[in-house]
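Below: one structure, written as structure tokens.
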Amino acid sequence: MELSRREFLKASGAGMGGLVLLGAMGSEKVPRAIPLKKEPLGETYTICCYCGVGCGALATAAGGKVINVEGNPDHPINEGTLCSKGQALAQFRTVDGEDNPNRLTKPLYRRAGGTAWEEKSWDWAITEIAKRIKKTRDDNWISTVNVGGTDYTVNRTDAIAHFGGGELDNEECYLLVKLTRALGMVYIEHCARI
Ligand code: SF4
């Protein structure tokens, strides 16, 4: 019988699930029943946000909750596989079917010298960030640099730096560099170079 890659992954996934359940029978833990997917539920393509590899995943939601995330067998980068972090993607939102109590849904702010976090609205946080960037940039703007008696236009600020992370994908990095360069930043770094 000819099996496509997708069918093979589905079949071997079902087999492995059975083995895992059998293996758990001898332990004191009662295995949790995993509902079988009998009907197509409407999968959505997504990209794992945990690192710059950018693996493709299929997310399935029902009743307003993500009920399954698995590797996308048609994605050219990971071809259906996900590492342990990618396999836990659904836990951003839910853990064992319940809303994840540790998920942050509002900005938290700790004022200078403060010891406690305060919940703030997104409007407040975005406005405050914009105000502080503008003030720092304006207060520390360098229009020209004199080298050997000649003024050279540089239009930059050395007072703000941007630090990117491995979770940013290619398109996000492109836009962030456009933004930071437009603001006059020259210290643009990434955690992978540290
Ligand atoms: S964290 Fe794992 S699954 Fe996610 S993109 Fe990186 S390698 Fe892929």
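Naming works like this for the structure tokens: A, B, ... for the chains as they're shown, residue 1 at the start of each chain, ligands 1 onward in shown order.
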Next item on the list: Could I get the residue neighbourhood of ligand 1 at 8 Å, counting only C-alpha atoms and all ligand atoms, as number ranges by chain?
Entry: A: 47-56, 71, 78, 81-87
Check: So which residues touch Trp122 of chain A within 12 Å, counting only C-alpha atoms, skipping near sequence neighbours fewer than 6 positions away, as a PyMOL selection string?
Finding: chain A and resi 105-109+128-129
Neighbour list for Gly63 of chain A as a JSON list (two decimals) with N, CA and C atoms, in the first residue's frame, cut-off 12 Å, only C-alpha atoms, skip fewer than 2 positions in-chain:
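Writing done, so here's selection19.json:
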```
[["chain", "number", "residue", "atom", "x", "y", "z"],
["A", 41, "LEU", "N", -11.71, 19.47, 11.77],
["A", 41, "LEU", "CA", -12.08, 20.57, 12.66],
["A", 41, "LEU", "C", -11.63, 21.93, 12.13],
["A", 60, "THR", "N", -5.44, 23.57, 15.79],
["A", 60, "THR", "CA", -6.86, 23.27, 15.71],
["A", 60, "THR", "C", -7.56, 23.85, 16.92],
["A", 61, "ALA", "N", -8.64, 24.57, 16.68],
["A", 61, "ALA", "CA", -9.39, 25.19, 17.79],
["A", 61, "ALA", "C", -10.83, 24.69, 17.77],
["A", 65, "LYS", "N", -11.09, 27.39, 22.12],
["A", 65, "LYS", "CA", -9.82, 26.98, 22.72],
["A", 65, "LYS", "C", -9.00, 26.18, 21.72],
["A", 66, "VAL", "N", -7.69, 26.35, 21.80],
["A", 66, "VAL", "CA", -6.81, 25.53, 20.98],
["A", 66, "VAL", "C", -6.81, 24.12, 21.58],
["A", 67, "ILE", "N", -7.18, 23.13, 20.77],
["A", 67, "ILE", "CA", -7.24, 21.78, 21.33],
["A", 67, "ILE", "C", -6.10, 20.90, 20.81],
["A", 97, "GLY", "N", -6.55, 21.40, 28.82],
["A", 97, "GLY", "CA", -7.91, 21.82, 28.49],
["A", 97, "GLY", "C", -8.40, 23.04, 29.25],
["A", 98, "GLU", "N", -7.63, 23.51, 30.24],
["A", 98, "GLU", "CA", -8.06, 24.68, 31.02],
["A", 98, "GLU", "C", -7.20, 25.88, 30.64]]
```
Next item on the list: Using DSSP on the backbone coordinates, identify all residues within segment 76-177 of chain A classified as helix (DSSP H, G or I); present the result as a PyMOL selection string.
Entry: chain A and resi 84-87+89-92+122-139+170-177
Name the residues in contact with Val145 of chain A at a cut-off of 12 Å, using only C-alpha atoms, excluding same-chain residues fewer than 5 positions from it; report them as a compact mmCIF listing (two decimals) with C-alpha atoms, in the first residue's frame.
```txt
# COMPACT_ATOMS: atom_id res chain seq x y z
CA THR A 150 35.02 68.68 8.79
CA ASP A 151 31.41 68.26 9.90
CA TYR A 152 29.76 65.09 8.65
CA THR A 153 25.99 64.63 8.86
CA VAL A 154 25.15 61.46 10.84
CA ASN A 155 21.60 62.02 12.23
CA ARG A 156 21.65 59.36 14.93
CA THR A 157 21.17 58.73 18.63
```
Notebook entry, point to check: Mind checking DSSP for segment 30-85 of chain A and telling me the strand (DSSP E or B) residues as a PyMOL selection string?
Noted result: chain A and resi 43-47+56-62+65-71
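Among the candidates A:Glu43, A:Asp158, A:Asp96, A:Glu171, the residue lying nearest to Leu183 of chain A is A:Asp158 (atoms considered: only C-alpha atoms).
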Notebook entry, point to check: When distances are computed from only C-alpha atoms, which of A:Leu104, A:Ile133, A:Ala33, A:Ile77 shows the smallest separation from Ala159 of chain A?
Noted result: A:Ile133
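Counting only C-alpha atoms and comparing A:Trp141, A:Leu58, A:Pro101, A:Asn68, the residue that lies closest to Gly80 of chain A is A:Leu58.
Put simply, atom CA of Gly42 of chain A is 22.8 Å away from atom CA of Asn100 of chain A.
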Notebook entry, point to check: Suppose you want the space between atom CA of Gly184 of chain A and atom CA of Asp139 of chain A; what is it in Å?
Noted result: 12.7 Å
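We find atom CA of Lys134 of chain A and atom CA of Ile160 of chain A to be spaced 10.3 Å apart.
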